[in-house]
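Student: Let me give you the structure first, and then I'll get to my questions.
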Amino acid sequence: MEEPGSIDALRGEIRQWLAANLPADWRERQRGDDIPSFLTMQKEWFAKLVEAGYATPHWPKEWPGGGRPLAEQIAIFEELARGGAPRMSLFFVSLYHAAMTLCECGTEAQRAKHLPAILKGEIWCQGFSEPGAGSDLAALRTRAVRKGDHYVVSGQKIWSTLGQFADQCLLLVRTDSSGPKQAGITFLLMDMKSKGVDVRPIKQITGDEEFAEIFLDEVEIPVENLVGVENEGWKVAQVTLSSERGLTLVELTERMGLSLWRLVEIASGGGRDFSAIDIGTRREIVGIASRIEALRAMLATLMANRIAGREAVGDASILKLAYSRLSRDFTALGLRLGGTASLCDTHYTLGAGYETGNWMFDFMNSYQYNIAGGSNEVQRNIISERVLKMPREKLA
Ligand SMILES: Cc1cc2nc3c(=O)[nH]c(=O)nc-3n(C[C@H](O)[C@H](O)[C@H](O)COP(=O)(O)OP(=O)(O)OC[C@H]3O[C@@H](n4cnc5c(N)ncnc54)[C@H](O)[C@@H]3O)c2cc1C
């Protein structure tokens, strides 16, 4: 019998809720090649999660669903992933990056305007990266000049996830170039419908348009949209960048575990009969399964340390590296076992994680984890310099 109020009870509650609420046909409805259908499906699913309180466990307790400790937040992510629910792709930046930035660094007026709007479906994107500023984000050059009660902003952003659907943007701009590059950066909230904003989706090798470029030509942004202090936006950006607290990796690892069966199915000709698979392939599948289990165990330790406030520098980098390598090997095996049929499989389901079973799509998509959230090379720099205490990289 599960103790009321325990994590196990919460898990049971979510499973029951999923049994009653998960649309059986969501994968068909959330196709990447049918954008209106993708948007409708995501919005419907988001509204259900908000209503149940599962979208906002990390928000402060005065908000519906809010005030849950990190251990419960993890359980929610795990159960939704294990239950094969859609990812919250369209609303992730709104719920985490935007909401947490506003909660920690925004003004009362900004919170009052945007937090209720987010719960009703306001979509946010993150306008940080630029063509010359990714790993070295502080090199950003998009310029903002204050004129009376507004800033005038010109420049270009890139790789903004689902930026073409966004209502609002978390924007980093340069307001001063005279000192060190981290100083002189300012954090603004930009209405994507402002005059001078031109959003262009980027077509990827997968066929997907998951990112957008944002061109800014003398866009006027009211000073009331400043977050924190002018020229001190770098500190605010750190809050934004740490807002998801490793939950994405927890979720993606669970989704990969769920998809293990797809490897068995494809290797055994459609069934789930492990004994029908040749010994060499079995070894390969078990090898992947063991690595998923190892990653789960390491993640559990990382999250437990995070909850206890004793996370070691570099732990998250080690896990991120392990995940990105595993996701490549996992999907490469699926692609090989699936033979030529998988090479031609172009159907995909936006926001589905790895349970698509469309191996060509999943394999190509796995490369994004070499880059997202800090590239593998940048993670290796962190590990070598901060964990192994090797000499620091000489910066230009
Ligand atoms: C899935 C995904 C979602 C994203 N979403 C957003 C978003 O919503 N908003 C946004 O603003 N940005 C987003 N990005 C952009 C992301 O932040 C950048 O792609 C990332 O910071 C890398 O920057 P870059 O692409 O300019 O590559 P660069 O920084 O130019 O790197 C190019 C290569 O050089 C290597 N390199 C760079 N510096 C070093 C170094 N010091 N030592 C060794 N090697 C190095 C890198 O590892 C890489 O291989 C997203 C990216 C991905 C993949």
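Residues in the structure tokens are numbered from 1 in each chain, the chains being A, B, ... in the order shown, and ligands are numbered from 1 in the order shown.
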Need the shell around Ala85 of chain A: protein/DNA/RNA residues with any atom at most 7 Å away, counting only C-alpha atoms. Skip same-chain ones fewer than 3 positions apart. Format as a PyMOL selection string?
Tutor: chain A and resi 22+80-81
Student: Write out as an MDAnalysis selection string each polymer residue (protein, DNA or RNA) that has an atom no more than 10 Å from ligand 1, with only C-alpha atoms and all ligand atoms counted.
Tutor: chainID A and resid 92:93 97 124:137 157:163 169:172 210:214 241 365:382 393:396
Student: Can you tell me, as a PyMOL selection string, what residues are no more than 12 Å from Gly148 of chain A when counting only C-alpha atoms, ignoring any on the same chain fewer than 4 positions away?
Tutor: chain A and resi 152+220-224
Student: Could you give me, as a list in words, the residues within 7 Å of segment 2-13 of chain A, counting only C-alpha atoms and dropping anything in the same chain fewer than 5 positions from it?
Tutor: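 Selected residues are Glu72, Ala75 and Glu79 of chain A.
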Student: Keeping only N, CA and C atoms, take the residues you just selected and write them out as an mmCIF file, in the first residue's frame.
Tutor:
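Heads up, here's the output in result-v9.cif:
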```cif
data_model
loop_
_atom_site.group_PDB
_atom_site.id
_atom_site.type_symbol
_atom_site.label_atom_id
_atom_site.label_comp_id
_atom_site.auth_asym_id
_atom_site.auth_seq_id
_atom_site.Cartn_x
_atom_site.Cartn_y
_atom_site.Cartn_z
ATOM 1 N N GLU A 72 9.789 15.396 -6.478
ATOM 2 C CA GLU A 72 8.466 15.182 -7.091
ATOM 3 C C GLU A 72 8.467 15.637 -8.547
ATOM 4 N N ALA A 75 9.856 12.834 -10.467
ATOM 5 C CA ALA A 75 8.886 11.735 -10.605
ATOM 6 C C ALA A 75 7.872 12.054 -11.704
ATOM 7 N N GLU A 79 7.458 9.722 -14.967
ATOM 8 C CA GLU A 79 6.211 9.001 -15.234
ATOM 9 C C GLU A 79 5.597 9.404 -16.574
#
```
Student: Would you mind listing, for every residue of segment 200-278 of chain A within 12 Å of segment 103-110 of chain A, the two atoms forming the shortest contact and the distance between them in Å to one decimal, using only C-alpha atoms, sorted by chain and ascending residue number, as a tab-separated table?
Tutor:
```
residue	atom	partner	partner_atom	distance
A:Val223	CA	A:Gln110	CA	11.7
A:Glu224	CA	A:Gln110	CA	8.3
A:Asn225	CA	A:Gln110	CA	7.5
A:Leu226	CA	A:Gly106	CA	8.3
A:Val227	CA	A:Gly106	CA	5.4
A:Gly228	CA	A:Cys105	CA	5.9
A:Val229	CA	A:Cys105	CA	9.5
A:Glu232	CA	A:Cys105	CA	11.3
A:Gly233	CA	A:Cys105	CA	10.1
A:Trp234	CA	A:Cys105	CA	11.9
A:Lys235	CA	A:Cys105	CA	9.5
A:Val236	CA	A:Cys105	CA	6.7
A:Ala237	CA	A:Cys105	CA	9.9
A:Gln238	CA	A:Cys105	CA	10.9
A:Val239	CA	A:Glu104	CA	7.7
A:Thr240	CA	A:Glu104	CA	9.4
A:Ser242	CA	A:Glu104	CA	11.8
A:Ser243	CA	A:Glu104	CA	10.1
```
Student: Taking the DSSP secondary structure from the backbone, can you list the residues of segment 57-163 of chain A that are strand (DSSP E), as a PyMOL selection string?
Tutor: chain A and resi 124-127+143-147+150-161
Student: Counting only C-alpha atoms, what is within 8 Å of Ala55 of chain A, bar same-chain residues fewer than 2 positions away, as an MDAnalysis selection string?
Tutor: chainID A and resid 46 49:50 52:53 57 65 95
Student: Could you write out the selected residues, including N, CA and C atoms, as an mmCIF file, in the first residue's frame?
Tutor:
```cif
data_model
loop_
_atom_site.group_PDB
_atom_site.id
_atom_site.type_symbol
_atom_site.label_atom_id
_atom_site.label_comp_id
_atom_site.auth_asym_id
_atom_site.auth_seq_id
_atom_site.Cartn_x
_atom_site.Cartn_y
_atom_site.Cartn_z
ATOM 1 N N PHE A 46 -0.923 20.494 -23.466
ATOM 2 C CA PHE A 46 -0.448 21.461 -22.475
ATOM 3 C C PHE A 46 -1.610 21.874 -21.555
ATOM 4 N N LEU A 49 -2.246 19.237 -19.044
ATOM 5 C CA LEU A 49 -1.197 19.170 -18.010
ATOM 6 C C LEU A 49 -1.336 20.312 -17.007
ATOM 7 N N VAL A 50 -1.666 21.500 -17.523
ATOM 8 C CA VAL A 50 -1.848 22.656 -16.632
ATOM 9 C C VAL A 50 -3.000 22.375 -15.676
ATOM 10 N N ALA A 52 -4.165 19.594 -14.666
ATOM 11 C CA ALA A 52 -3.840 18.552 -13.682
ATOM 12 C C ALA A 52 -2.751 19.009 -12.711
ATOM 13 N N GLY A 53 -2.073 20.121 -13.027
ATOM 14 C CA GLY A 53 -0.990 20.608 -12.158
ATOM 15 C C GLY A 53 0.357 19.987 -12.487
ATOM 16 N N PRO A 57 5.028 21.999 -11.623
ATOM 17 C CA PRO A 57 5.444 21.574 -10.269
ATOM 18 C C PRO A 57 6.586 22.417 -9.714
ATOM 19 N N GLY A 65 -0.577 23.933 -9.039
ATOM 20 C CA GLY A 65 0.377 22.851 -9.323
ATOM 21 C C GLY A 65 1.765 23.118 -8.781
ATOM 22 N N LEU A 95 7.513 27.519 -19.815
ATOM 23 C CA LEU A 95 7.329 27.019 -18.450
ATOM 24 C C LEU A 95 8.586 27.087 -17.608
#
```
Student: Just the residues within 6 Å of Ala144 of chain A, please, counting only C-alpha atoms, with nothing from its chain fewer than 3 positions along; format it as a list of chain:residue names.
Tutor: A:Tyr151, A:Val152, A:Val153, A:Arg174, A:Thr175
Student: I need the residues from that last selection saved to file as a tab-separated table (two decimals), in the first residue's frame (with N, CA and C atoms), if you can.
Tutor:
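selection27.tsv, written as the output of this step:
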```
chain	number	residue	atom	x	y	z
A	151	TYR	N	14.13	50.85	-25.78
A	151	TYR	CA	15.41	50.49	-26.41
A	151	TYR	C	15.16	50.29	-27.91
A	152	VAL	N	16.14	50.65	-28.72
A	152	VAL	CA	16.06	50.36	-30.14
A	152	VAL	C	17.08	49.26	-30.43
A	153	VAL	N	16.58	48.12	-30.93
A	153	VAL	CA	17.41	46.91	-31.03
A	153	VAL	C	17.59	46.51	-32.49
A	174	ARG	N	23.42	43.67	-26.48
A	174	ARG	CA	24.60	44.41	-25.97
A	174	ARG	C	24.23	45.89	-25.84
A	175	THR	N	24.45	46.42	-24.63
A	175	THR	CA	24.19	47.84	-24.41
A	175	THR	C	25.47	48.61	-24.13
```
Student: As an MDAnalysis selection string, list the residues of segment 231-295 of chain A assigned to alpha helix (DSSP H) by DSSP on the backbone atoms of this structure.
Tutor: chainID A and resid 233:241 247:267 279:295
Student: What is the atom CA of Phe91 of chain A to atom CA of Ile118 of chain A distance in Å?
Tutor: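 Here the two named atoms are 8.4 Å from each other.
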Student: To one decimal in Å, tell me the separation between atom CA of Ala267 of chain A and atom CA of Thr340 of chain A.
Tutor: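 We find that atom CA of Ala267 of chain A and atom CA of Thr340 of chain A lie 13.7 Å from each other.
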